[in-house]
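S.K.: Contents of upload_3.csv (CSV, C-alpha atoms):
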```csv
chain,number,residue,atom,x,y,z
A,1,MET,CA,114.5,94.4,48.5
A,2,GLU,CA,114.7,96.4,45.3
A,3,LYS,CA,114.7,100.2,45.8
A,4,ILE,CA,112.7,101.9,43.0
A,5,LEU,CA,112.1,105.6,42.2
A,6,VAL,CA,108.8,106.4,40.5
A,7,THR,CA,108.6,110.0,39.4
A,8,GLY,CA,105.2,111.5,38.8
A,9,ALA,CA,103.8,109.2,41.6
A,10,ALA,CA,100.8,111.5,42.2
A,11,GLY,CA,99.9,111.3,38.5
A,12,PHE,CA,97.6,108.8,36.9
A,13,ILE,CA,100.0,106.1,35.6
A,14,GLY,CA,102.7,106.8,38.3
A,15,PHE,CA,100.1,106.2,41.0
A,16,HIS,CA,99.0,102.9,39.6
A,17,LEU,CA,102.6,101.8,39.1
A,18,ALA,CA,103.8,102.8,42.6
A,19,ALA,CA,100.8,101.0,44.1
A,20,ARG,CA,101.5,97.8,42.2
A,21,LEU,CA,105.2,97.8,43.1
A,22,ALA,CA,104.6,98.6,46.8
A,23,ASP,CA,102.0,95.8,46.9
A,24,GLU,CA,104.6,93.4,45.5
A,25,GLY,CA,107.0,94.2,48.4
A,26,LYS,CA,109.3,96.6,46.6
A,27,LYS,CA,110.7,99.7,48.4
A,28,VAL,CA,109.2,102.5,46.4
A,29,THR,CA,110.0,106.2,46.7
A,30,GLY,CA,107.6,108.4,44.8
A,31,ILE,CA,108.2,112.0,43.9
A,32,ASP,CA,105.9,114.6,42.3
A,33,ASN,CA,105.8,118.4,42.2
A,34,LEU,CA,101.9,118.4,42.5
A,35,ASN,CA,101.6,121.0,39.8
A,36,PRO,CA,98.1,122.5,39.3
A,37,TYR,CA,97.7,121.4,35.6
A,38,TYR,CA,94.6,119.6,36.9
A,39,ASP,CA,92.9,119.1,40.3
A,40,VAL,CA,95.6,118.8,42.9
A,41,GLY,CA,92.9,117.3,45.2
A,42,LEU,CA,92.8,114.3,43.0
A,43,LYS,CA,96.6,114.0,43.1
A,44,LYS,CA,96.6,114.2,46.9
A,45,ALA,CA,93.8,111.6,47.1
A,46,ARG,CA,96.0,109.2,45.0
A,47,LEU,CA,98.9,109.9,47.4
A,48,ALA,CA,96.7,109.2,50.4
A,49,GLU,CA,96.0,105.7,48.9
A,50,LEU,CA,99.7,105.1,48.3
A,51,GLU,CA,100.7,106.1,51.8
A,52,LYS,CA,98.5,103.3,53.2
A,53,ARG,CA,101.2,100.9,51.8
A,54,PRO,CA,104.1,100.2,54.1
A,55,GLY,CA,106.7,100.0,51.3
A,56,PHE,CA,105.9,103.5,49.9
A,57,GLU,CA,107.4,106.8,50.8
A,58,PHE,CA,106.6,110.2,49.1
A,59,GLN,CA,108.8,113.3,48.7
A,60,LYS,CA,107.6,116.5,47.0
A,61,ILE,CA,110.3,117.2,44.5
A,62,ASP,CA,110.3,118.8,41.1
A,63,LEU,CA,112.6,117.3,38.5
A,64,CYS,CA,113.8,120.8,37.7
A,65,ASP,CA,115.2,121.1,41.2
A,66,ARG,CA,118.6,119.6,40.4
A,67,GLY,CA,119.9,119.9,44.0
A,68,ALA,CA,117.0,118.1,45.6
A,69,LEU,CA,117.1,115.4,43.0
A,70,ASN,CA,120.9,114.9,43.5
A,71,ASP,CA,120.4,114.7,47.3
A,72,LEU,CA,117.6,112.1,46.9
A,73,PHE,CA,119.7,109.9,44.6
A,74,LYS,CA,122.7,110.0,46.9
A,75,LYS,CA,120.7,109.2,50.0
A,76,LYS,CA,118.5,106.4,48.5
A,77,ARG,CA,120.8,104.6,46.0
A,78,PHE,CA,118.0,103.5,43.7
A,79,ASP,CA,118.4,100.2,41.8
A,80,MET,CA,115.9,101.3,39.2
A,81,VAL,CA,114.1,104.5,38.1
A,82,VAL,CA,110.8,104.7,36.3
A,83,ASN,CA,110.0,108.2,34.9
A,84,MET,CA,106.3,108.9,34.7
A,85,ALA,CA,106.7,112.7,35.5
A,86,ALA,CA,105.9,115.0,32.6
A,87,GLN,CA,103.8,117.9,31.6
A,88,ALA,CA,101.1,116.0,29.8
A,89,GLY,CA,98.5,117.0,27.3
A,90,VAL,CA,98.6,117.9,23.6
A,91,ARG,CA,96.2,120.8,23.5
A,92,TYR,CA,97.7,122.5,26.6
A,93,SER,CA,101.1,122.5,24.8
A,94,LEU,CA,99.6,125.1,22.4
A,95,GLU,CA,98.9,127.4,25.4
A,96,ASN,CA,101.8,126.9,27.6
A,97,PRO,CA,104.9,125.7,25.7
A,98,HIS,CA,107.4,126.6,28.3
A,99,ALA,CA,105.9,124.1,30.8
A,100,TYR,CA,106.9,121.3,28.4
A,101,VAL,CA,110.4,122.5,28.0
A,102,ASP,CA,110.9,122.9,31.8
A,103,SER,CA,109.4,119.5,32.8
A,104,ASN,CA,110.0,117.3,29.8
A,105,ILE,CA,113.4,118.6,28.7
A,106,SER,CA,115.2,120.2,31.6
A,107,GLY,CA,113.7,117.9,34.2
A,108,PHE,CA,114.6,114.8,32.1
A,109,VAL,CA,118.2,115.9,31.7
A,110,ASN,CA,118.4,116.2,35.5
A,111,LEU,CA,117.0,112.7,35.9
A,112,LEU,CA,119.5,111.3,33.3
A,113,GLU,CA,122.4,112.9,35.1
A,114,SER,CA,121.3,111.5,38.5
A,115,CYS,CA,120.9,108.0,37.0
A,116,ARG,CA,124.3,108.2,35.4
A,117,HIS,CA,126.2,109.4,38.5
A,118,ASN,CA,124.4,107.0,40.8
A,119,LYS,CA,124.9,103.8,38.8
A,120,VAL,CA,121.1,103.1,38.2
A,121,SER,CA,120.8,99.7,36.6
A,122,HIS,CA,117.8,100.5,34.4
A,123,LEU,CA,115.9,103.7,33.5
A,124,VAL,CA,112.4,103.1,32.1
A,125,PHE,CA,110.7,106.2,30.9
A,126,ALA,CA,107.3,107.2,29.5
A,127,SER,CA,107.1,108.3,25.9
A,128,SER,CA,103.9,108.6,24.0
A,129,SER,CA,102.0,107.5,20.9
A,130,SER,CA,102.0,111.2,20.0
A,131,VAL,CA,105.6,110.8,18.7
A,132,TYR,CA,104.1,109.2,15.5
A,133,GLY,CA,102.9,112.6,14.6
A,134,ALA,CA,102.1,112.9,10.8
A,135,ASN,CA,102.7,109.2,10.2
A,136,THR,CA,99.7,107.5,8.6
A,137,LYS,CA,101.0,103.9,8.1
A,138,MET,CA,99.1,101.7,10.5
A,139,PRO,CA,99.6,100.1,12.9
A,140,PHE,CA,102.4,102.4,14.2
A,141,SER,CA,105.6,100.5,14.7
A,142,VAL,CA,108.7,101.3,16.8
A,143,HIS,CA,110.7,100.5,13.7
A,144,ASP,CA,109.1,103.4,11.8
A,145,ASN,CA,110.8,106.9,11.5
A,146,VAL,CA,109.1,109.4,13.8
A,147,ASP,CA,110.6,112.7,12.7
A,148,HIS,CA,107.4,114.7,12.1
A,149,PRO,CA,105.7,115.6,15.4
A,150,VAL,CA,102.6,117.8,15.2
A,151,SER,CA,102.6,119.2,18.8
A,152,LEU,CA,105.3,120.4,21.1
A,153,TYR,CA,104.2,117.7,23.6
A,154,ALA,CA,105.1,115.1,21.0
A,155,ALA,CA,108.4,116.8,20.2
A,156,SER,CA,109.3,116.8,23.9
A,157,LYS,CA,108.6,113.1,24.1
A,158,LYS,CA,110.7,112.4,21.0
A,159,ALA,CA,113.4,114.5,22.6
A,160,ASN,CA,113.3,112.3,25.7
A,161,GLU,CA,113.9,109.2,23.5
A,162,LEU,CA,116.9,110.9,21.8
A,163,MET,CA,118.4,112.1,25.1
A,164,ALA,CA,118.0,108.7,26.7
A,165,HIS,CA,119.8,107.1,23.7
A,166,THR,CA,122.6,109.6,24.0
A,167,TYR,CA,123.2,108.5,27.7
A,168,SER,CA,123.0,104.9,26.7
A,169,HIS,CA,125.7,105.5,24.1
A,170,LEU,CA,127.9,107.7,26.2
A,171,TYR,CA,127.7,106.1,29.6
A,172,GLY,CA,126.2,102.6,29.0
A,173,LEU,CA,123.0,103.6,30.9
A,174,PRO,CA,120.4,101.0,30.1
A,175,CYS,CA,117.3,102.9,29.0
A,176,THR,CA,113.9,101.7,27.8
A,177,GLY,CA,111.2,104.1,26.4
A,178,LEU,CA,107.6,103.1,26.4
A,179,ARG,CA,105.1,104.7,24.0
A,180,PHE,CA,101.8,104.7,25.7
A,181,PHE,CA,98.6,104.7,23.7
A,182,THR,CA,95.6,106.7,25.1
A,183,VAL,CA,95.6,105.3,28.7
A,184,TYR,CA,92.3,105.3,30.6
A,185,GLY,CA,90.8,103.8,33.8
A,186,PRO,CA,90.1,104.5,37.5
A,187,TRP,CA,91.9,107.5,39.0
A,188,GLY,CA,92.4,108.8,35.4
A,189,ARG,CA,93.2,112.4,34.3
A,190,PRO,CA,90.3,114.9,34.3
A,191,ASP,CA,91.6,116.4,31.0
A,192,MET,CA,91.2,113.2,29.1
A,193,ALA,CA,88.2,112.2,27.0
A,194,LEU,CA,86.7,109.5,29.2
A,195,PHE,CA,86.7,111.7,32.3
A,196,LEU,CA,85.5,114.8,30.4
A,197,PHE,CA,82.7,112.8,28.7
A,198,THR,CA,81.5,111.0,31.8
A,199,SER,CA,81.4,114.2,33.9
A,200,ALA,CA,79.6,116.2,31.1
A,201,ILE,CA,77.0,113.5,30.5
A,202,LEU,CA,76.2,113.1,34.2
A,203,ASN,CA,75.9,116.9,34.5
A,204,ASP,CA,73.7,117.3,31.4
A,205,GLU,CA,76.4,119.2,29.6
A,206,PRO,CA,77.3,118.8,26.0
A,207,ILE,CA,80.5,116.9,25.0
A,208,LYS,CA,83.0,118.2,22.4
A,209,VAL,CA,83.5,115.6,19.7
A,210,PHE,CA,86.5,116.6,17.6
A,211,ASN,CA,87.1,116.0,13.9
A,212,HIS,CA,83.3,115.5,13.7
A,213,GLY,CA,83.7,112.1,15.4
A,214,LYS,CA,86.0,110.8,12.7
A,215,MET,CA,88.7,109.8,15.2
A,216,ARG,CA,90.2,106.5,16.0
A,217,ARG,CA,92.2,105.7,19.2
A,218,ASP,CA,94.0,102.7,20.5
A,219,PHE,CA,92.4,103.0,24.0
A,220,THR,CA,94.5,101.1,26.5
A,221,TYR,CA,93.3,100.2,30.0
A,222,ILE,CA,95.5,101.2,32.9
A,223,ASP,CA,96.0,97.7,34.3
A,224,ASP,CA,97.3,96.5,31.0
A,225,ILE,CA,99.7,99.5,30.8
A,226,ILE,CA,101.0,98.7,34.3
A,227,GLU,CA,101.5,95.0,33.5
A,228,GLY,CA,103.5,95.9,30.5
A,229,VAL,CA,105.7,98.4,32.5
A,230,VAL,CA,106.4,95.9,35.3
A,231,ARG,CA,107.5,93.3,32.8
A,232,ILE,CA,109.7,95.7,30.9
A,233,MET,CA,111.3,96.9,34.1
A,234,ALA,CA,112.7,93.3,34.6
A,235,LYS,CA,113.9,93.2,31.0
A,236,ARG,CA,117.1,95.3,30.9
A,237,PRO,CA,117.9,96.3,27.4
A,238,GLU,CA,121.0,94.8,25.7
A,239,PRO,CA,122.8,96.1,22.6
A,240,ASP,CA,121.3,94.8,19.4
A,241,PRO,CA,124.1,92.9,17.5
A,242,GLN,CA,122.1,93.2,14.3
A,243,TRP,CA,121.9,97.0,14.4
A,244,SER,CA,123.5,98.8,11.5
A,245,GLY,CA,124.4,102.4,10.9
A,246,GLU,CA,123.9,101.7,7.1
A,247,ASN,CA,120.2,101.1,7.8
A,248,PRO,CA,119.5,102.4,11.3
A,249,ASP,CA,116.5,100.8,13.1
A,250,PRO,CA,114.8,103.5,15.3
A,251,GLY,CA,113.5,100.9,17.7
A,252,THR,CA,116.8,99.3,18.8
A,253,SER,CA,120.4,100.3,19.1
A,254,TYR,CA,124.0,99.2,19.3
A,255,ALA,CA,123.7,100.7,22.8
A,256,PRO,CA,121.6,99.2,25.7
A,257,TYR,CA,118.5,101.0,24.6
A,258,ARG,CA,115.0,99.9,23.4
A,259,ILE,CA,111.7,101.4,22.5
A,260,TYR,CA,108.3,99.6,22.9
A,261,ASN,CA,104.7,100.5,22.2
A,262,ILE,CA,102.2,99.6,24.8
A,263,GLY,CA,98.7,99.8,23.3
A,264,ASN,CA,95.6,97.7,23.1
A,265,ASN,CA,96.6,96.6,19.6
A,266,ARG,CA,93.2,97.7,18.1
A,267,SER,CA,91.9,101.0,17.0
A,268,GLU,CA,88.4,102.0,18.2
A,269,GLN,CA,86.2,104.6,16.6
A,270,LEU,CA,85.6,107.5,18.9
A,271,MET,CA,81.9,107.3,18.3
A,272,ARG,CA,81.9,103.7,19.5
A,273,PHE,CA,83.8,104.8,22.6
A,274,ILE,CA,81.1,107.4,23.3
A,275,GLU,CA,78.4,104.8,22.7
A,276,VAL,CA,79.9,102.5,25.4
A,277,ILE,CA,80.0,105.4,27.9
A,278,GLU,CA,76.4,106.2,27.1
A,279,GLU,CA,75.4,102.5,27.6
A,280,VAL,CA,77.3,102.3,30.9
A,281,LEU,CA,75.8,105.6,32.2
A,282,GLY,CA,72.4,104.8,30.9
A,283,LYS,CA,72.2,108.3,29.4
A,284,GLU,CA,72.7,109.8,26.0
A,285,ALA,CA,75.3,112.5,25.4
A,286,ARG,CA,74.6,115.8,23.8
A,287,LYS,CA,77.3,116.1,21.2
A,288,GLU,CA,78.9,119.2,19.8
A,289,PHE,CA,80.8,118.2,16.7
A,290,MET,CA,83.9,120.2,16.1
A,291,ASP,CA,86.9,120.4,13.8
A,292,LEU,CA,90.2,118.6,14.4
A,293,GLN,CA,92.2,120.5,16.9
A,294,PRO,CA,95.7,121.8,16.1
A,295,GLY,CA,98.3,119.2,17.4
A,296,ASP,CA,95.8,116.3,17.3
A,297,VAL,CA,96.1,113.3,15.1
A,298,PRO,CA,93.0,111.6,13.6
A,299,ALA,CA,94.0,108.0,14.4
A,300,THR,CA,96.4,105.9,16.6
A,301,TYR,CA,96.9,102.1,16.4
A,302,ALA,CA,99.8,100.3,18.1
A,303,ASN,CA,101.9,97.4,16.7
A,304,ILE,CA,103.0,95.6,19.9
A,305,ASP,CA,104.9,92.7,18.3
A,306,ASP,CA,108.2,93.8,19.9
A,307,LEU,CA,106.5,94.0,23.4
A,308,TYR,CA,105.1,90.5,23.0
A,309,ASP,CA,108.4,89.1,21.7
A,310,ALA,CA,110.3,90.7,24.6
A,311,VAL,CA,108.0,89.9,27.6
A,312,GLY,CA,105.2,87.7,26.3
A,313,PHE,CA,102.4,90.2,27.1
A,314,LYS,CA,99.5,91.7,25.1
A,315,PRO,CA,96.8,94.0,26.6
A,316,VAL,CA,93.5,92.1,27.1
A,317,THR,CA,91.0,94.6,28.5
A,318,SER,CA,88.1,95.6,26.2
A,319,ILE,CA,86.7,99.1,26.2
A,320,GLU,CA,83.4,97.7,27.4
A,321,THR,CA,85.1,96.3,30.6
A,322,GLY,CA,87.5,99.2,31.1
A,323,ILE,CA,84.9,102.0,30.8
A,324,ARG,CA,82.5,100.2,33.2
A,325,ARG,CA,85.4,100.0,35.8
A,326,PHE,CA,86.1,103.7,35.3
A,327,VAL,CA,82.5,104.8,35.7
A,328,ASP,CA,82.2,102.6,38.9
A,329,TRP,CA,85.2,104.4,40.3
A,330,TYR,CA,84.0,107.8,39.2
A,331,ARG,CA,80.6,107.3,40.9
A,332,GLN,CA,82.2,106.2,44.1
A,333,TYR,CA,84.9,108.9,44.2
A,334,TYR,CA,82.5,111.7,43.5
A,335,GLY,CA,79.5,110.2,45.2
A,336,VAL,CA,77.3,110.3,42.1
```
Render the structure in this file as structure tokens.

M.R.:
Amino acid sequence: MEKILVTGAAGFIGFHLAARLADEGKKVTGIDNLNPYYDVGLKKARLAELEKRPGFEFQKIDLCDRGALNDLFKKKRFDMVVNMAAQAGVRYSLENPHAYVDSNISGFVNLLESCRHNKVSHLVFASSSSVYGANTKMPFSVHDNVDHPVSLYAASKKANELMAHTYSHLYGLPCTGLRFFTVYGPWGRPDMALFLFTSAILNDEPIKVFNHGKMRRDFTYIDDIIEGVVRIMAKRPEPDPQWSGENPDPGTSYAPYRIYNIGNNRSEQLMRFIEVIEEVLGKEARKEFMDLQPGDVPATYANIDDLYDAVGFKPVTSIETGIRRFVDWYRQYYGV
């Protein structure tokens, strides 16, 4: 039975991944620091769901706690590690930059060191569509240069990719980075648009619509994200024999390292997204139109050709289906 570590297991994506792996009979250890960036009660409720599964075990550990992490790796001897732990959120990175350095940089180095010294066979880690930053060529491709981040959060995720590549180069550690595009669905994060909009509309409060509604996002449903992650976990990266230092490809390497986008492969208008929420709730939103926020990008759209070529998977869930599932969960969870 495979022994897998999922970091950030009380978080949105980490929770869904740990649940899927435990349901498939894997031996899953989840760690999380349960930080108060958003409602800790929601994180604990996710953990309560996970702890119903016999193959799952939780330990409260912060990636910044090097000693606790080393002890865990020595004791458990993980076959594979999936890093979903991070200080998330673009806008929060303007207010609290040090949280991103601590979790996303220092914590990630500790994880890389633990993987290296304990002969982990594959490290899969969450990156983000935010790394595309000031790029405007659509759809975003993993083969494009991404050297112009527009938020510290994005810079920290790009740093993760660079750090992982270094460990692949130096120690032969197989690393795969996954750039997620605007993930949504049941058990989602309260700081993200779908959660914020649903809550505000049901409470007769106005919603903030940034860039005066002229935003496009590649909204990707959680089950599609998890399917992509699980397939990639089984696809350990190999060195690319075609890679050349004369014309370096950012998406592959001469080392056992790869980057993939996981997005819905279509860019939806924010106003259409809001329209679907209104339709599902049967209630119109009061909208406050606002300027583009510092650190935000006006549009995202994923090229997923490499993902499909590697594992034969493309996301399939429409926003109409995904939003309805989220609202059903929200009503049930909050008793609305």

S.K.: Take the point (105.5, 99.9, 44.5) as written in the file and pick out every residue within 10 Å of it, counting all atoms listed in the file; give the list as number ranges by chain.

M.R.: A: 2-6, 9, 14-30, 50, 53-57

S.K.: Could the residues in this selection be saved with C-alpha atoms as a tab-separated table (two decimals), keeping the file's coordinate frame?

M.R.:
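Generated file (selection_21.tsv):
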```tsv
chain	number	residue	atom	x	y	z
A	2	GLU	CA	114.70	96.40	45.30
A	3	LYS	CA	114.70	100.20	45.80
A	4	ILE	CA	112.70	101.90	43.00
A	5	LEU	CA	112.10	105.60	42.20
A	6	VAL	CA	108.80	106.40	40.50
A	9	ALA	CA	103.80	109.20	41.60
A	14	GLY	CA	102.70	106.80	38.30
A	15	PHE	CA	100.10	106.20	41.00
A	16	HIS	CA	99.00	102.90	39.60
A	17	LEU	CA	102.60	101.80	39.10
A	18	ALA	CA	103.80	102.80	42.60
A	19	ALA	CA	100.80	101.00	44.10
A	20	ARG	CA	101.50	97.80	42.20
A	21	LEU	CA	105.20	97.80	43.10
A	22	ALA	CA	104.60	98.60	46.80
A	23	ASP	CA	102.00	95.80	46.90
A	24	GLU	CA	104.60	93.40	45.50
A	25	GLY	CA	107.00	94.20	48.40
A	26	LYS	CA	109.30	96.60	46.60
A	27	LYS	CA	110.70	99.70	48.40
A	28	VAL	CA	109.20	102.50	46.40
A	29	THR	CA	110.00	106.20	46.70
A	30	GLY	CA	107.60	108.40	44.80
A	50	LEU	CA	99.70	105.10	48.30
A	53	ARG	CA	101.20	100.90	51.80
A	54	PRO	CA	104.10	100.20	54.10
A	55	GLY	CA	106.70	100.00	51.30
A	56	PHE	CA	105.90	103.50	49.90
A	57	GLU	CA	107.40	106.80	50.80
```

S.K.: Could you tell me which of A:Arg66, A:Arg77, A:Lys235, A:Arg325 comes closest to Val311 (chain A) if we count only C-alpha atoms?

M.R.: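 Closest to Val311 (chain A) of all the choices is A:Lys235.
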
S.K.: Just the number, please: distance in Å from CA of Val327 (chain A) to CA of Tyr184 (chain A), one decimal.

M.R.: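 These two atoms are separated by 11.1 Å.
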
S.K.: Do a neighbour search on region 108-117 of chain A at 10 Å with all atoms listed in the file, toss out local chain neighbours closer than 2 positions, and write the hits as a PyMOL selection string.

M.R.: chain A and resi 7+63-67+69-74+77-81+83+85-86+101-106+119-123+125+156+159-160+163-164+166-168+170-175

S.K.: Give me, as a CSV table (one decimal) with C-alpha atoms, keeping the file's coordinate frame, all polymer residues having an atom no more than 12 Å from Leu196 (chain A), counting all atoms listed in the file and skipping those fewer than 3 positions away in the same chain.

M.R.:
```csv
chain,number,residue,atom,x,y,z
A,184,TYR,CA,92.3,105.3,30.6
A,188,GLY,CA,92.4,108.8,35.4
A,189,ARG,CA,93.2,112.4,34.3
A,190,PRO,CA,90.3,114.9,34.3
A,191,ASP,CA,91.6,116.4,31.0
A,192,MET,CA,91.2,113.2,29.1
A,193,ALA,CA,88.2,112.2,27.0
A,199,SER,CA,81.4,114.2,33.9
A,200,ALA,CA,79.6,116.2,31.1
A,201,ILE,CA,77.0,113.5,30.5
A,202,LEU,CA,76.2,113.1,34.2
A,203,ASN,CA,75.9,116.9,34.5
A,205,GLU,CA,76.4,119.2,29.6
A,206,PRO,CA,77.3,118.8,26.0
A,207,ILE,CA,80.5,116.9,25.0
A,208,LYS,CA,83.0,118.2,22.4
A,209,VAL,CA,83.5,115.6,19.7
A,274,ILE,CA,81.1,107.4,23.3
A,277,ILE,CA,80.0,105.4,27.9
A,285,ALA,CA,75.3,112.5,25.4
A,327,VAL,CA,82.5,104.8,35.7
A,330,TYR,CA,84.0,107.8,39.2
```

S.K.: Go through A:Ala45, A:Ile232, A:Ala10, A:Ala134 and flag the residue nearest Ile259 (chain A), using all atoms listed in the file for the distances.

M.R.: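 Counting all atoms listed in the file, the residue closest to Ile259 (chain A) is A:Ile232.
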
S.K.: Between CA of Val131 (chain A) and CA of Ala302 (chain A), what is the distance, to one decimal in Å?

M.R.: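 Distance between the two atoms: 12.0 Å.
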
S.K.: Between A:Ser130, A:Thr176, A:Thr198, A:Ser253, which is the closest to Val297 (chain A) once you count all atoms listed in the file?

M.R.: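 Ranking A:Ser130, A:Thr176, A:Thr198, A:Ser253 by distance to Val297 (chain A), first place goes to A:Ser130.
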
S.K.: Return as CSV the residues of region 22-56 of chain A lying at most 12 Å from region 88-99 of chain A, together with the closest atom-to-atom pair for each and the distance in Å to one decimal, counting all atoms listed in the file, with rows in chain order and ascending residue number.

M.R.:
```
residue,atom,partner,partner_atom,distance
A:Asn35,CA,A:Ala99,CA,10.4
A:Pro36,CA,A:Ala99,CA,11.6
A:Tyr37,CA,A:Ala88,CA,8.6
A:Tyr38,CA,A:Ala88,CA,10.3
```

S.K.: Excluding Val146 (chain A) and its own-chain neighbours fewer than 3 positions away, which residues fall within 12 Å of it when counting only C-alpha atoms? Please give them as a ChimeraX atom specification.

M.R.: /A:128-137,140-143,149-150,154-155,157-159,161-162,179,249-251

S.K.: Can you write just those residues out, C-alpha atoms, as a PDB file, in the frame of the given file?

M.R.:
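Written output follows (out09.pdb):
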```
ATOM      1  CA  SER A 128     103.900 108.600  24.000  1.00  0.00           C
ATOM      2  CA  SER A 129     102.000 107.500  20.900  1.00  0.00           C
ATOM      3  CA  SER A 130     102.000 111.200  20.000  1.00  0.00           C
ATOM      4  CA  VAL A 131     105.600 110.800  18.700  1.00  0.00           C
ATOM      5  CA  TYR A 132     104.100 109.200  15.500  1.00  0.00           C
ATOM      6  CA  GLY A 133     102.900 112.600  14.600  1.00  0.00           C
ATOM      7  CA  ALA A 134     102.100 112.900  10.800  1.00  0.00           C
ATOM      8  CA  ASN A 135     102.700 109.200  10.200  1.00  0.00           C
ATOM      9  CA  THR A 136      99.700 107.500   8.600  1.00  0.00           C
ATOM     10  CA  LYS A 137     101.000 103.900   8.100  1.00  0.00           C
ATOM     11  CA  PHE A 140     102.400 102.400  14.200  1.00  0.00           C
ATOM     12  CA  SER A 141     105.600 100.500  14.700  1.00  0.00           C
ATOM     13  CA  VAL A 142     108.700 101.300  16.800  1.00  0.00           C
ATOM     14  CA  HIS A 143     110.700 100.500  13.700  1.00  0.00           C
ATOM     15  CA  PRO A 149     105.700 115.600  15.400  1.00  0.00           C
ATOM     16  CA  VAL A 150     102.600 117.800  15.200  1.00  0.00           C
ATOM     17  CA  ALA A 154     105.100 115.100  21.000  1.00  0.00           C
ATOM     18  CA  ALA A 155     108.400 116.800  20.200  1.00  0.00           C
ATOM     19  CA  LYS A 157     108.600 113.100  24.100  1.00  0.00           C
ATOM     20  CA  LYS A 158     110.700 112.400  21.000  1.00  0.00           C
ATOM     21  CA  ALA A 159     113.400 114.500  22.600  1.00  0.00           C
ATOM     22  CA  GLU A 161     113.900 109.200  23.500  1.00  0.00           C
ATOM     23  CA  LEU A 162     116.900 110.900  21.800  1.00  0.00           C
ATOM     24  CA  ARG A 179     105.100 104.700  24.000  1.00  0.00           C
ATOM     25  CA  ASP A 249     116.500 100.800  13.100  1.00  0.00           C
ATOM     26  CA  PRO A 250     114.800 103.500  15.300  1.00  0.00           C
ATOM     27  CA  GLY A 251     113.500 100.900  17.700  1.00  0.00           C
TER      28      GLY A 251
END
```

S.K.: Is it possible to add N, CA, C and O atoms to region 250-260 of chain A and hand it back as a PDB file, keeping the file's coordinate frame?

M.R.:
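Saved result, part27.pdb, follows:
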```
ATOM      1  N   PRO A 250     115.129 102.584  14.207  1.00  0.00           N
ATOM      2  CA  PRO A 250     114.800 103.500  15.300  1.00  0.00           C
ATOM      3  C   PRO A 250     114.410 102.822  16.609  1.00  0.00           C
ATOM      4  O   PRO A 250     114.479 103.443  17.668  1.00  0.00           O
ATOM      5  N   GLY A 251     113.988 101.545  16.543  1.00  0.00           N
ATOM      6  CA  GLY A 251     113.500 100.900  17.700  1.00  0.00           C
ATOM      7  C   GLY A 251     114.504 100.203  18.603  1.00  0.00           C
ATOM      8  O   GLY A 251     114.239  99.858  19.748  1.00  0.00           O
ATOM      9  N   THR A 252     115.718  99.959  18.040  1.00  0.00           N
ATOM     10  CA  THR A 252     116.800  99.300  18.800  1.00  0.00           C
ATOM     11  C   THR A 252     118.063 100.095  18.651  1.00  0.00           C
ATOM     12  O   THR A 252     118.069 101.179  18.069  1.00  0.00           O
ATOM     13  N   SER A 253     119.172  99.541  19.146  1.00  0.00           N
ATOM     14  CA  SER A 253     120.400 100.300  19.100  1.00  0.00           C
ATOM     15  C   SER A 253     121.614  99.336  19.343  1.00  0.00           C
ATOM     16  O   SER A 253     121.440  98.255  19.911  1.00  0.00           O
ATOM     17  N   TYR A 254     122.788  99.800  18.964  1.00  0.00           N
ATOM     18  CA  TYR A 254     124.000  99.200  19.300  1.00  0.00           C
ATOM     19  C   TYR A 254     124.325  99.419  20.826  1.00  0.00           C
ATOM     20  O   TYR A 254     125.191  98.801  21.446  1.00  0.00           O
ATOM     21  N   ALA A 255     123.620 100.387  21.423  1.00  0.00           N
ATOM     22  CA  ALA A 255     123.700 100.700  22.800  1.00  0.00           C
ATOM     23  C   ALA A 255     122.624  99.969  23.612  1.00  0.00           C
ATOM     24  O   ALA A 255     121.681  99.455  22.998  1.00  0.00           O
ATOM     25  N   PRO A 256     122.693  99.918  24.949  1.00  0.00           N
ATOM     26  CA  PRO A 256     121.600  99.200  25.700  1.00  0.00           C
ATOM     27  C   PRO A 256     120.386 100.115  25.814  1.00  0.00           C
ATOM     28  O   PRO A 256     120.115 100.781  26.822  1.00  0.00           O
ATOM     29  N   TYR A 257     119.608 100.098  24.744  1.00  0.00           N
ATOM     30  CA  TYR A 257     118.500 101.000  24.600  1.00  0.00           C
ATOM     31  C   TYR A 257     117.408 100.361  23.741  1.00  0.00           C
ATOM     32  O   TYR A 257     117.711  99.752  22.713  1.00  0.00           O
ATOM     33  N   ARG A 258     116.154 100.467  24.192  1.00  0.00           N
ATOM     34  CA  ARG A 258     115.000  99.900  23.400  1.00  0.00           C
ATOM     35  C   ARG A 258     113.819 100.831  23.541  1.00  0.00           C
ATOM     36  O   ARG A 258     113.659 101.540  24.530  1.00  0.00           O
ATOM     37  N   ILE A 259     112.964 100.755  22.524  1.00  0.00           N
ATOM     38  CA  ILE A 259     111.700 101.400  22.500  1.00  0.00           C
ATOM     39  C   ILE A 259     110.578 100.390  22.321  1.00  0.00           C
ATOM     40  O   ILE A 259     110.733  99.489  21.485  1.00  0.00           O
ATOM     41  N   TYR A 260     109.479 100.504  23.073  1.00  0.00           N
ATOM     42  CA  TYR A 260     108.300  99.600  22.900  1.00  0.00           C
ATOM     43  C   TYR A 260     107.036 100.435  22.844  1.00  0.00           C
ATOM     44  O   TYR A 260     106.916 101.447  23.540  1.00  0.00           O
TER      45      TYR A 260
END
```
